[in-house]
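One structure is given here, and the rest of the page talks about it.
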Protein chains: 2
Amino acid sequence: MHADEKPCERARTLDDLAKAVGVSRTTASNAFNRPEQLSAELRGRILRTAEALGYPGPNPMARMLRTGRTGSIGLLFGDTLPYALDDDTSIALLKGLARVCEKRRSGLLLLPVMDDAAAAQAVRAAAVDGFILYCLPDGSPVVPQVLERRLPVVTVDSVSVEGVPSISIDDLAGAQQAAAHLLELGHRRLAILSLDLQTEEHFGVVTRQRRSEIHYRPTALRLEGYGAAMREKGLDLRRVPVFECPGNSEEHARRATLELLAGRTPPTGILAMSDRFAIGAFQAASQLGLQVPRDLSVVGFDDIPLAARFRPALTTVRQPLVEKGVAAAEMLLKKRTPAISRVLETRLIQRESTGPAPGR
Amino acid sequence: MHADEKPCERARTLDDLAKAVGVSRTTASNAFNRPEQLSAELRGRILRTAEALGYPGPNPMARMLRTGRTGSIGLLFGDTLPYALDDDTSIALLKGLARVCEKRRSGLLLLPVMDDAAAAQAVRAAAVDGFILYCLPDGSPVVPQVLERRLPVVTVDSVSVEGVPSISIDDLAGAQQAAAHLLELGHRRLAILSLDLQTEEHFGVVTRQRRSEIHYRPTALRLEGYGAAMREKGLDLRRVPVFECPGNSEEHARRATLELLAGRTPPTGILAMSDRFAIGAFQAASQLGLQVPRDLSVVGFDDIPLAARFRPALTTVRQPLVEKGVAAAEMLLKKRTPAISRVLETRLIQRESTGPAPGR
DNA sequence: TCCATTTTCTTGATCGTTTCAGATCACCCG
DNA sequence: CGGGTGATCTGAAACGATCAAGAAAATGGA
């Protein structure tokens, strides 16, 4: 039809394609993006020629530059990627985000966050329409970096940033229920297995000094919740040992529990800030020949899928893990990201890992 | 110093910044990308002004367009994203990929793959330097779409594509070991819990017809491996029921096992193509009051983290899940993606879910 | 038949970088 | 003193698309 259709040469740009078909570049562009702007016949011809020439469609980078939209959102973890993927709660968040992204046909870019420098670079170089910040600690230097990009941002389980919408859970109420439950059962000698308090990792019972400066919001709130329940019973959180275990690892929790149980006044009830910690505590107990919940009660946090299936099944604080992701992604992908914050509910799930305090 | 520094106005482009400092655009660009091209003094001044003006660094889209590099790789699943994130093997792959990406400071873009149309669009629009294709079935229409982009590609556990490097595991040998193990223990009445054979989901014992057309390479190879072990003992794979369970779900495997055990000649040994299936089989057994491995032996596949912790601990075929991801990402991120394929080893791990055939 | 309207296609500007090929300048050496 | 040599810095040309505005062609109504 057109003499200058050369199927031998590959078309790399819209111009090549347009020339091959014998139309203008804009028309070729419209064939891809605005079907209503040209006759069906011509559109068909352009698309067929594109196919024949092996033209892979408009270059994404050029399109992004021109339109300013990228069609994907960036996810920034407070921890390194492989580490986050070891954690059931992050996976669940990811699942929630993915659900929404897929529905909206948006990509989900996992940003590398090895160290602060790498994270900063990743944030500057990310071709995204917005950021989700997950588990970022107070004072993290990447937060200002993100804000500088002037893109929509939603934080999840992070430090609260002025003017930035956030999704979080009611950590305080959840922790309060957990502690109230143990106290209700008559436990008076409690111990806490705590998530990281500060960005610098630490393993051991924390000093009053360290307790007073907590970088991670959920940790702070959960501690506060535990304390609130204790106050109601006339107990003092400051007298309860808080054992900090870095990185939500079972192994650390196991060793921590071992240490706690070896103390002069071993706890009868353990408040674990995660289900992984609770499982670690189980391991310590069984290692010492103690039975859960007969000799030791443990209440976890999160209600990860494993919690219900574990024997003994975990008594734990359920938080809507996947929902958090859904809410965050939806908030971010809204036309105008609303400047509101949502606090999702938590609720104690009683299963088999808690019982009356021994000697009652 | 320079009269035209206006800290009130935000600099949006390199030009703005350059003008504010009183240098050329190129120099401003060099301040960010080529420190050796300008004096330290000037560079410092440019960077400081950038900070002061709130310039977030060179626009990523423009940079990508110009350089042709994006600094991230795309991951395409054969299944929808939320579904893939429900699967421990995908998570492990992700972990491997993430490890390498983080080391190389590359992003990892999860592409939405709701349906073929969405996947095609996502592939065309993805700003990536290469693709990883995971678990893509034979005849998937997105494969040609990906190839059209003329970017490096590495397939993982997928249909093999001419000229495209691939990472896979020795499915055949692994399955063969699994079956040989059961046969060795005296089991003669076997049944297979199979992963998807074809893209159209199916739940039930498969016909000979369906067996002959398998879209998923690992499934085909594992079946072949089971058959090879059987042939050695004079058995015929075609006489062994193959129960197809869609989507690696425990629940389907449980129901499948229930059906199999209710048949006229219930199996004494079950070859599960995944650990999830094996766990489903456990549930069915315990539901019928059968003991594993006394009454029923089950051998899984994958060796997911849960396999060792489960009671009874799973006898299963270990495949290097994380390693697959590492290998794939490294291959893709090499300067010149090598056109070779790697087949990683598999190996039977004997634990507690297999024992001698009853009545021996 | 002719003007108004709609459909269809084109022109030219623009998005914000990077990069190549100089230009400028001081400096050093013979 | 003249020219070679680095060290710094600049100008202009891409990179490949989209979009607003306008031209050309087709359509319709009186």
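We label chains A, B, ... in the order they appear in the structure tokens, count residues from 1 in each chain, and number ligands from 1 in the order shown.
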**Prompt:** A:Pro56: which residues within 12 Å, counting only C-alpha atoms (C1' of nucleotides), same-chain residues fewer than 6 positions away excluded, as JSON, numbers by chain?
**Reply:** {"A": [10, 11, 12, 13, 14, 17, 32, 47, 48, 49, 50], "B": [120, 121, 123, 124, 125, 126, 144, 145, 146, 147, 148, 149, 150, 151]}
**Prompt:** Quick one: which residues from chain A are at most 10 Å off chain C, using only C-alpha atoms (C1' of nucleotides), as a PyMOL selection string?
**Reply:** chain A and resi 23-27+37-39+62-68
Writing out the chosen residues with N, CA, C and O atoms as a tab-separated table (two decimals), in the first residue's frame:
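See result36.tsv below for the written result:
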chain	number	residue	atom	x	y	z
A	23	VAL	N	1.89	8.52	8.25
A	23	VAL	CA	1.09	9.49	8.98
A	23	VAL	C	2.00	10.31	9.88
A	23	VAL	O	3.21	10.10	9.90
A	24	SER	N	1.40	11.20	10.64
A	24	SER	CA	2.21	12.02	11.53
A	24	SER	C	2.46	11.27	12.84
A	24	SER	O	1.74	10.34	13.19
A	25	ARG	N	3.47	11.72	13.53
A	25	ARG	CA	3.82	11.09	14.80
A	25	ARG	C	2.65	11.12	15.78
A	25	ARG	O	2.35	10.16	16.46
A	26	THR	N	1.98	12.26	15.83
A	26	THR	CA	0.86	12.39	16.75
A	26	THR	C	-0.22	11.35	16.48
A	26	THR	O	-0.78	10.76	17.40
A	27	THR	N	-0.50	11.14	15.23
A	27	THR	CA	-1.53	10.16	14.88
A	27	THR	C	-1.12	8.77	15.35
A	27	THR	O	-1.93	8.02	15.90
A	37	GLN	N	-9.65	9.24	18.54
A	37	GLN	CA	-9.13	10.39	17.79
A	37	GLN	C	-8.81	10.07	16.33
A	37	GLN	O	-8.34	10.92	15.60
A	38	LEU	N	-9.00	8.83	15.94
A	38	LEU	CA	-8.71	8.50	14.54
A	38	LEU	C	-9.61	7.37	14.08
A	38	LEU	O	-10.21	6.67	14.89
A	39	SER	N	-9.73	7.23	12.79
A	39	SER	CA	-10.64	6.22	12.25
A	39	SER	C	-10.14	4.83	12.60
A	39	SER	O	-8.94	4.59	12.71
A	62	ALA	N	9.92	8.12	28.03
A	62	ALA	CA	9.55	9.36	27.35
A	62	ALA	C	8.13	9.76	27.74
A	62	ALA	O	7.85	10.92	28.02
A	63	ARG	N	7.27	8.78	27.78
A	63	ARG	CA	5.89	9.07	28.15
A	63	ARG	C	5.81	9.62	29.56
A	63	ARG	O	5.10	10.59	29.84
A	64	MET	N	6.57	9.01	30.46
A	64	MET	CA	6.55	9.47	31.84
A	64	MET	C	7.04	10.92	31.94
A	64	MET	O	6.46	11.73	32.65
A	65	LEU	N	8.12	11.19	31.22
A	65	LEU	CA	8.66	12.55	31.29
A	65	LEU	C	7.60	13.54	30.84
A	65	LEU	O	7.37	14.57	31.48
A	66	ARG	N	6.95	13.19	29.74
A	66	ARG	CA	5.98	14.12	29.17
A	66	ARG	C	4.74	14.26	30.05
A	66	ARG	O	4.26	15.35	30.31
A	67	THR	N	4.21	13.14	30.50
A	67	THR	CA	2.95	13.18	31.24
A	67	THR	C	3.14	13.45	32.72
A	67	THR	O	2.21	13.88	33.39
A	68	GLY	N	4.31	13.13	33.22
A	68	GLY	CA	4.54	13.31	34.64
A	68	GLY	C	3.97	12.20	35.49
A	68	GLY	O	4.05	12.24	36.71
Coordinates of chain B after Cα superposition on chain A, as a tab-separated table (two decimals) with C-alpha atoms, in the first residue's frame:
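As a result, superposed_30.tsv now contains:
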chain	number	residue	atom	x	y	z
B	1	MET	CA	-0.14	0.15	-0.07
B	2	HIS	CA	2.47	2.63	1.03
B	3	ALA	CA	5.73	2.22	-0.73
B	4	ASP	CA	7.79	3.18	2.28
B	5	GLU	CA	6.68	0.36	4.55
B	6	LYS	CA	9.91	-1.45	5.26
B	7	PRO	CA	9.20	-4.47	7.38
B	8	CYS	CA	12.85	-5.32	7.40
B	9	GLU	CA	13.83	-2.36	9.58
B	10	ARG	CA	12.73	-2.28	13.18
B	11	ALA	CA	10.80	0.78	14.25
B	12	ARG	CA	12.23	2.13	17.48
B	13	THR	CA	10.22	5.32	17.84
B	14	LEU	CA	6.81	6.64	17.07
B	15	ASP	CA	8.40	8.65	14.31
B	16	ASP	CA	9.69	5.55	12.58
B	17	LEU	CA	6.31	3.96	12.85
B	18	ALA	CA	4.50	7.07	11.63
B	19	LYS	CA	6.82	7.34	8.67
B	20	ALA	CA	6.30	3.69	7.81
B	21	VAL	CA	2.54	4.09	7.81
B	22	GLY	CA	2.68	7.51	6.19
B	23	VAL	CA	1.00	9.52	8.93
B	24	SER	CA	2.13	12.06	11.46
B	25	ARG	CA	3.75	11.14	14.74
B	26	THR	CA	0.77	12.50	16.62
B	27	THR	CA	-1.58	10.19	14.82
B	28	ALA	CA	0.58	7.22	15.59
B	29	SER	CA	0.59	8.26	19.21
B	30	ASN	CA	-3.17	8.56	19.18
B	31	ALA	CA	-3.49	5.07	17.77
B	32	PHE	CA	-2.09	3.83	21.07
B	33	ASN	CA	-3.59	6.27	23.53
B	34	ARG	CA	-6.73	7.81	22.03
B	35	PRO	CA	-8.59	5.42	19.80
B	36	GLU	CA	-11.44	7.89	19.41
B	37	GLN	CA	-9.18	10.42	17.75
B	38	LEU	CA	-8.77	8.54	14.54
B	39	SER	CA	-10.69	6.25	12.24
B	40	ALA	CA	-10.79	2.60	13.18
B	41	GLU	CA	-9.42	1.68	9.82
B	42	LEU	CA	-6.31	3.80	10.15
B	43	ARG	CA	-5.80	2.77	13.76
B	44	GLY	CA	-5.87	-0.86	12.77
B	45	ARG	CA	-3.34	-0.25	10.07
B	46	ILE	CA	-1.01	1.57	12.45
B	47	LEU	CA	-1.26	-1.13	15.09
B	48	ARG	CA	-0.68	-3.85	12.54
B	49	THR	CA	2.37	-2.10	11.17
B	50	ALA	CA	3.67	-1.63	14.68
B	51	GLU	CA	3.36	-5.35	15.19
B	52	ALA	CA	5.06	-6.08	11.90
B	53	LEU	CA	7.94	-3.72	12.62
B	54	GLY	CA	8.35	-4.99	16.15
B	55	TYR	CA	7.61	-1.60	17.67
B	56	PRO	CA	7.08	-2.32	21.38
B	57	GLY	CA	4.76	0.59	22.02
B	58	PRO	CA	5.54	4.13	23.13
B	59	ASN	CA	8.72	4.36	25.14
B	60	PRO	CA	7.74	4.36	28.83
B	61	MET	CA	10.42	6.76	29.93
B	62	ALA	CA	9.56	9.34	27.31
B	63	ARG	CA	5.91	9.03	28.12
B	64	MET	CA	6.57	9.44	31.82
B	65	LEU	CA	8.65	12.50	31.25
B	66	ARG	CA	5.96	14.05	29.14
B	67	THR	CA	2.96	13.14	31.23
B	68	GLY	CA	4.58	13.27	34.63
B	69	ARG	CA	2.89	10.02	35.59
B	70	THR	CA	4.63	6.71	36.03
B	71	GLY	CA	1.91	4.24	36.87
B	72	SER	CA	3.62	2.84	39.92
B	73	ILE	CA	4.04	3.54	43.58
B	74	GLY	CA	7.16	3.17	45.67
B	75	LEU	CA	7.42	1.23	48.87
B	76	LEU	CA	10.05	2.15	51.39
B	77	PHE	CA	10.73	-0.17	54.29
B	78	GLY	CA	12.35	0.82	57.53
B	79	ASP	CA	14.43	-2.31	57.22
B	80	THR	CA	16.41	-3.89	54.47
B	81	LEU	CA	14.38	-5.66	51.85
B	82	PRO	CA	15.39	-9.28	52.53
B	83	TYR	CA	14.82	-8.67	56.16
B	84	ALA	CA	11.36	-7.23	55.60
B	85	LEU	CA	10.49	-10.22	53.45
B	86	ASP	CA	11.31	-12.44	56.40
B	87	ASP	CA	8.57	-10.84	58.39
B	88	ASP	CA	5.01	-12.03	58.07
B	89	THR	CA	3.61	-8.63	58.88
B	90	SER	CA	5.49	-6.97	56.03
B	91	ILE	CA	4.40	-9.71	53.69
B	92	ALA	CA	0.82	-9.14	54.69
B	93	LEU	CA	1.17	-5.43	54.07
B	94	LEU	CA	2.65	-6.18	50.69
B	95	LYS	CA	-0.30	-8.41	49.96
B	96	GLY	CA	-2.72	-5.62	50.75
B	97	LEU	CA	-0.82	-3.14	48.63
B	98	ALA	CA	-0.59	-5.63	45.80
B	99	ARG	CA	-4.30	-6.23	45.85
B	100	VAL	CA	-5.05	-2.58	45.26
B	101	CYS	CA	-2.19	-2.02	42.85
B	102	GLU	CA	-3.36	-4.87	40.71
B	103	LYS	CA	-6.91	-3.60	40.68
B	104	ARG	CA	-5.71	-0.15	39.67
B	105	ARG	CA	-3.13	-1.53	37.30
B	106	SER	CA	-0.34	0.16	39.12
B	107	GLY	CA	3.16	-1.18	39.61
B	108	LEU	CA	4.72	-1.57	43.02
B	109	LEU	CA	8.36	-0.58	43.26
B	110	LEU	CA	10.35	-2.02	46.13
B	111	LEU	CA	13.07	0.45	46.92
B	112	PRO	CA	16.48	-0.75	48.07
B	113	VAL	CA	17.30	0.60	51.52
B	114	MET	CA	20.60	-0.96	52.50
B	115	ASP	CA	21.74	2.13	54.35
B	116	ASP	CA	20.60	5.72	54.59
B	117	ALA	CA	22.72	6.83	51.67
B	118	ALA	CA	21.35	4.11	49.42
B	119	ALA	CA	17.83	4.86	50.53
B	120	ALA	CA	18.26	8.56	49.82
B	121	GLN	CA	19.54	7.81	46.36
B	122	ALA	CA	16.75	5.36	45.71
B	123	VAL	CA	14.16	7.92	46.76
B	124	ARG	CA	15.62	10.55	44.48
B	125	ALA	CA	15.84	8.18	41.54
B	126	ALA	CA	12.51	6.41	41.92
B	127	ALA	CA	10.10	6.82	39.03
B	128	VAL	CA	6.91	6.67	41.07
B	129	ASP	CA	3.68	8.58	41.58
B	130	GLY	CA	3.87	8.37	45.34
B	131	PHE	CA	5.50	6.72	48.30
B	132	ILE	CA	4.41	4.37	51.01
B	133	LEU	CA	6.61	4.58	54.07
B	134	TYR	CA	6.48	1.51	56.25
B	135	CYS	CA	7.92	1.26	59.73
B	136	LEU	CA	10.12	4.29	59.47
B	137	PRO	CA	11.63	5.38	62.75
B	138	ASP	CA	11.53	8.79	64.30
B	139	GLY	CA	14.31	10.96	62.97
B	140	SER	CA	14.93	8.87	59.87
B	141	PRO	CA	16.83	11.01	57.38
B	142	VAL	CA	14.99	9.58	54.41
B	143	VAL	CA	11.69	11.09	55.45
B	144	PRO	CA	12.71	14.64	54.51
B	145	GLN	CA	14.19	13.22	51.30
B	146	VAL	CA	10.83	11.77	50.44
B	147	LEU	CA	8.97	14.94	51.27
B	148	GLU	CA	11.30	16.86	49.01
B	149	ARG	CA	10.02	14.90	46.04
B	150	ARG	CA	6.67	16.62	46.56
B	151	LEU	CA	4.76	13.48	45.73
B	152	PRO	CA	1.85	11.98	47.61
B	153	VAL	CA	2.99	10.05	50.64
B	154	VAL	CA	1.24	7.74	53.04
B	155	THR	CA	2.99	6.45	56.12
B	156	VAL	CA	2.19	3.11	57.69
B	157	ASP	CA	3.17	2.22	61.24
B	158	SER	CA	5.66	5.02	61.18
B	159	VAL	CA	6.57	8.16	62.95
B	160	SER	CA	3.83	10.70	62.33
B	161	VAL	CA	4.82	13.47	60.01
B	162	GLU	CA	3.08	16.81	59.97
B	163	GLY	CA	0.66	17.01	57.06
B	164	VAL	CA	1.26	13.48	55.82
B	165	PRO	CA	-1.65	11.04	55.92
B	166	SER	CA	-1.00	7.87	57.81
B	167	ILE	CA	-2.37	4.42	58.37
B	168	SER	CA	-1.78	2.82	61.69
B	169	ILE	CA	-3.40	0.49	64.13
B	170	ASP	CA	-4.58	1.09	67.62
B	171	ASP	CA	-1.39	-0.22	69.17
B	172	LEU	CA	-2.19	1.29	72.51
B	173	ALA	CA	-5.60	-0.30	72.91
B	174	GLY	CA	-4.32	-3.63	71.64
B	175	ALA	CA	-1.45	-3.75	74.06
B	176	GLN	CA	-3.72	-2.64	76.84
B	177	GLN	CA	-6.10	-5.52	76.15
B	178	ALA	CA	-3.22	-7.97	76.08
B	179	ALA	CA	-1.89	-6.85	79.44
B	180	ALA	CA	-5.34	-6.57	80.97
B	181	HIS	CA	-5.98	-10.15	79.92
B	182	LEU	CA	-2.93	-11.46	81.74
B	183	LEU	CA	-3.69	-9.36	84.81
B	184	GLU	CA	-7.24	-10.63	84.79
B	185	LEU	CA	-5.88	-14.15	84.91
B	186	GLY	CA	-4.03	-13.25	88.05
B	187	HIS	CA	-0.57	-12.79	86.66
B	188	ARG	CA	1.45	-10.27	88.60
B	189	ARG	CA	5.00	-11.10	87.62
B	190	LEU	CA	5.13	-9.96	84.02
B	191	ALA	CA	7.85	-9.36	81.50
B	192	ILE	CA	7.82	-7.71	78.13
B	193	LEU	CA	9.54	-8.89	74.97
B	194	SER	CA	9.90	-5.65	73.10
B	195	LEU	CA	10.47	-4.78	69.48
B	196	ASP	CA	13.26	-2.33	68.70
B	197	LEU	CA	13.11	0.86	70.70
B	198	GLN	CA	15.78	2.69	68.80
B	199	THR	CA	17.44	2.46	65.42
B	200	GLU	CA	20.64	1.15	66.99
B	201	GLU	CA	20.06	-2.52	67.68
B	202	HIS	CA	20.14	-3.68	71.24
B	203	PHE	CA	19.65	-7.03	72.93
B	204	GLY	CA	18.91	-7.00	76.64
B	205	VAL	CA	16.75	-5.57	79.35
B	206	VAL	CA	16.49	-1.87	78.70
B	207	THR	CA	17.39	0.86	81.13
B	208	ARG	CA	15.00	3.59	82.17
B	209	GLN	CA	17.16	5.92	80.10
B	210	ARG	CA	16.61	3.96	76.92
B	211	ARG	CA	12.92	3.57	77.60
B	212	SER	CA	12.49	7.30	77.56
B	213	GLU	CA	13.64	7.68	73.99
B	214	ILE	CA	11.81	5.42	71.61
B	215	HIS	CA	12.23	5.86	67.87
B	216	TYR	CA	9.55	3.47	66.72
B	217	ARG	CA	6.02	4.63	67.21
B	218	PRO	CA	4.30	1.23	67.47
B	219	THR	CA	6.81	0.13	70.09
B	220	ALA	CA	6.20	3.26	72.13
B	221	LEU	CA	2.44	2.93	71.92
B	222	ARG	CA	2.42	-0.75	72.80
B	223	LEU	CA	4.59	-0.11	75.81
B	224	GLU	CA	2.23	2.66	76.80
B	225	GLY	CA	-0.73	0.34	76.39
B	226	TYR	CA	0.83	-2.31	78.59
B	227	GLY	CA	1.50	0.39	81.16
B	228	ALA	CA	-2.04	1.70	81.07
B	229	ALA	CA	-3.48	-1.73	81.88
B	230	MET	CA	-1.01	-2.15	84.69
B	231	ARG	CA	-1.80	1.22	86.19
B	232	GLU	CA	-5.43	0.17	86.39
B	233	LYS	CA	-4.39	-2.72	88.59
B	234	GLY	CA	-2.07	-0.57	90.65
B	235	LEU	CA	1.06	-1.91	89.01
B	236	ASP	CA	3.92	0.13	87.71
B	237	LEU	CA	5.28	-0.48	84.22
B	238	ARG	CA	8.65	0.81	85.35
B	239	ARG	CA	9.07	-2.19	87.60
B	240	VAL	CA	8.42	-4.64	84.77
B	241	PRO	CA	11.46	-5.82	82.85
B	242	VAL	CA	11.42	-4.82	79.19
B	243	PHE	CA	13.65	-7.07	77.16
B	244	GLU	CA	14.51	-5.58	73.80
B	245	CYS	CA	15.01	-8.09	71.01
B	246	PRO	CA	16.35	-6.76	67.74
B	247	GLY	CA	14.62	-7.44	64.47
B	248	ASN	CA	11.57	-9.45	65.39
B	249	SER	CA	13.55	-12.66	65.55
B	250	GLU	CA	12.34	-15.78	67.31
B	251	GLU	CA	15.85	-16.68	68.28
B	252	HIS	CA	16.42	-13.47	70.18
B	253	ALA	CA	13.08	-13.85	71.91
B	254	ARG	CA	13.97	-17.37	72.92
B	255	ARG	CA	17.23	-16.31	74.48
B	256	ALA	CA	15.58	-13.34	76.12
B	257	THR	CA	12.92	-15.53	77.69
B	258	LEU	CA	15.56	-17.92	78.90
B	259	GLU	CA	17.31	-15.06	80.66
B	260	LEU	CA	14.10	-13.73	82.10
B	261	LEU	CA	13.06	-17.11	83.45
B	262	ALA	CA	16.48	-17.60	85.00
B	263	GLY	CA	16.11	-14.40	87.04
B	264	ARG	CA	15.33	-14.19	90.74
B	265	THR	CA	11.63	-13.55	90.21
B	266	PRO	CA	10.79	-15.30	86.95
B	267	PRO	CA	7.70	-13.99	85.19
B	268	THR	CA	4.55	-16.06	84.95
B	269	GLY	CA	3.20	-14.01	82.09
B	270	ILE	CA	4.96	-12.69	79.03
B	271	LEU	CA	3.79	-9.80	76.91
B	272	ALA	CA	5.33	-10.33	73.51
B	273	MET	CA	5.16	-7.46	71.08
B	274	SER	CA	4.97	-9.86	68.17
B	275	ASP	CA	3.84	-13.39	67.50
B	276	ARG	CA	7.34	-14.33	66.49
B	277	PHE	CA	8.51	-13.29	69.92
B	278	ALA	CA	5.72	-15.33	71.48
B	279	ILE	CA	6.87	-18.37	69.57
B	280	GLY	CA	10.42	-17.72	70.70
B	281	ALA	CA	9.13	-17.64	74.26
B	282	PHE	CA	7.42	-20.99	73.71
B	283	GLN	CA	10.70	-22.48	72.62
B	284	ALA	CA	12.45	-21.20	75.71
B	285	ALA	CA	9.70	-22.59	77.92
B	286	SER	CA	9.77	-26.02	76.33
B	287	GLN	CA	13.54	-25.99	76.58
B	288	LEU	CA	13.21	-25.54	80.37
B	289	GLY	CA	10.52	-28.18	80.61
B	290	LEU	CA	7.81	-25.62	81.28
B	291	GLN	CA	4.33	-26.01	79.85
B	292	VAL	CA	2.43	-23.22	78.15
B	293	PRO	CA	0.03	-22.09	79.49
B	294	ARG	CA	0.24	-24.10	82.70
B	295	ASP	CA	3.58	-22.73	83.86
B	296	LEU	CA	3.88	-19.72	81.63
B	297	SER	CA	1.33	-17.59	79.82
B	298	VAL	CA	2.30	-15.80	76.66
B	299	VAL	CA	0.30	-13.27	74.71
B	300	GLY	CA	1.53	-12.23	71.30
B	301	PHE	CA	0.79	-9.42	68.92
B	302	ASP	CA	-0.18	-9.30	65.21
B	303	ASP	CA	-2.07	-12.54	64.74
B	304	ILE	CA	0.02	-13.72	61.84
B	305	PRO	CA	-1.36	-16.72	59.96
B	306	LEU	CA	0.91	-19.06	61.89
B	307	ALA	CA	-0.54	-17.91	65.24
B	308	ALA	CA	-3.75	-19.90	64.93
B	309	ARG	CA	-2.06	-22.99	63.60
B	310	PHE	CA	0.67	-23.13	66.20
B	311	ARG	CA	0.36	-25.55	69.14
B	312	PRO	CA	-0.50	-24.18	71.62
B	313	ALA	CA	-2.42	-21.71	69.50
B	314	LEU	CA	-1.42	-18.17	70.33
B	315	THR	CA	-3.49	-15.82	72.37
B	316	THR	CA	-2.65	-12.62	70.59
B	317	VAL	CA	-3.74	-9.17	69.54
B	318	ARG	CA	-5.16	-9.23	66.08
B	319	GLN	CA	-4.36	-6.35	63.81
B	320	PRO	CA	-5.72	-6.07	60.26
B	321	LEU	CA	-2.42	-6.70	58.51
B	322	VAL	CA	-3.63	-6.94	54.95
B	323	GLU	CA	-6.19	-4.22	55.47
B	324	LYS	CA	-3.41	-1.83	56.38
B	325	GLY	CA	-1.92	-2.33	52.97
B	326	VAL	CA	-5.24	-1.98	51.24
B	327	ALA	CA	-6.03	1.21	53.08
B	328	ALA	CA	-2.62	2.71	52.43
B	329	ALA	CA	-2.62	1.95	48.72
B	330	GLU	CA	-6.14	3.18	48.26
B	331	MET	CA	-5.40	6.39	50.06
B	332	LEU	CA	-2.30	6.95	47.96
B	333	LEU	CA	-3.92	6.14	44.65
B	334	LYS	CA	-6.95	8.36	45.21
B	335	LYS	CA	-7.17	11.27	42.84
B	336	ARG	CA	-6.41	13.69	45.62
B	337	THR	CA	-4.65	11.88	48.42
B	338	PRO	CA	-6.72	12.92	51.42
B	339	ALA	CA	-4.79	14.45	54.30
B	340	ILE	CA	-6.44	12.29	56.91
B	341	SER	CA	-5.13	9.54	59.07
B	342	ARG	CA	-6.76	6.24	59.76
B	343	VAL	CA	-6.30	4.16	62.85
B	344	LEU	CA	-7.43	0.59	62.38
B	345	GLU	CA	-8.77	-1.48	65.21
B	346	THR	CA	-7.03	-4.17	67.19
B	347	ARG	CA	-8.61	-6.88	69.23
B	348	LEU	CA	-7.51	-9.59	71.59
B	349	ILE	CA	-7.95	-13.14	70.30
B	350	GLN	CA	-7.96	-15.63	73.12
B	351	ARG	CA	-6.58	-19.00	72.25
B	352	GLU	CA	-4.46	-21.50	74.12
B	353	SER	CA	-1.29	-19.78	75.20
B	354	THR	CA	-2.68	-18.03	78.25
B	355	GLY	CA	-4.15	-19.41	81.47
B	356	PRO	CA	-4.52	-18.61	85.13
B	357	ALA	CA	-1.41	-17.65	86.98
B	358	PRO	CA	0.26	-20.63	88.69
B	359	GLY	CA	-0.63	-21.02	92.37
B	360	ARG	CA	-4.10	-19.57	92.09
Identify all chain D residues at most 6 Å from chain A by counting only C-alpha atoms (C1' of nucleotides); ligands do not count. Present them as a compact mmCIF listing (two decimals) with C-alpha atoms (C1' of nucleotides), in the first residue's frame.
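File out-v2.txt, as written:
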# COMPACT_ATOMS: atom_id res chain seq x y z
C1' DG D 16 10.98 9.89 22.55
C1' DA D 17 7.03 10.85 23.69
C1' DT D 18 2.23 14.07 24.55
**Asked** Quick one: DSSP strand (DSSP E) residues in stretch 193-261 of chain A, as a VMD selection string?
**Response** chain A and resid 193 to 194 204 to 205 242 to 244
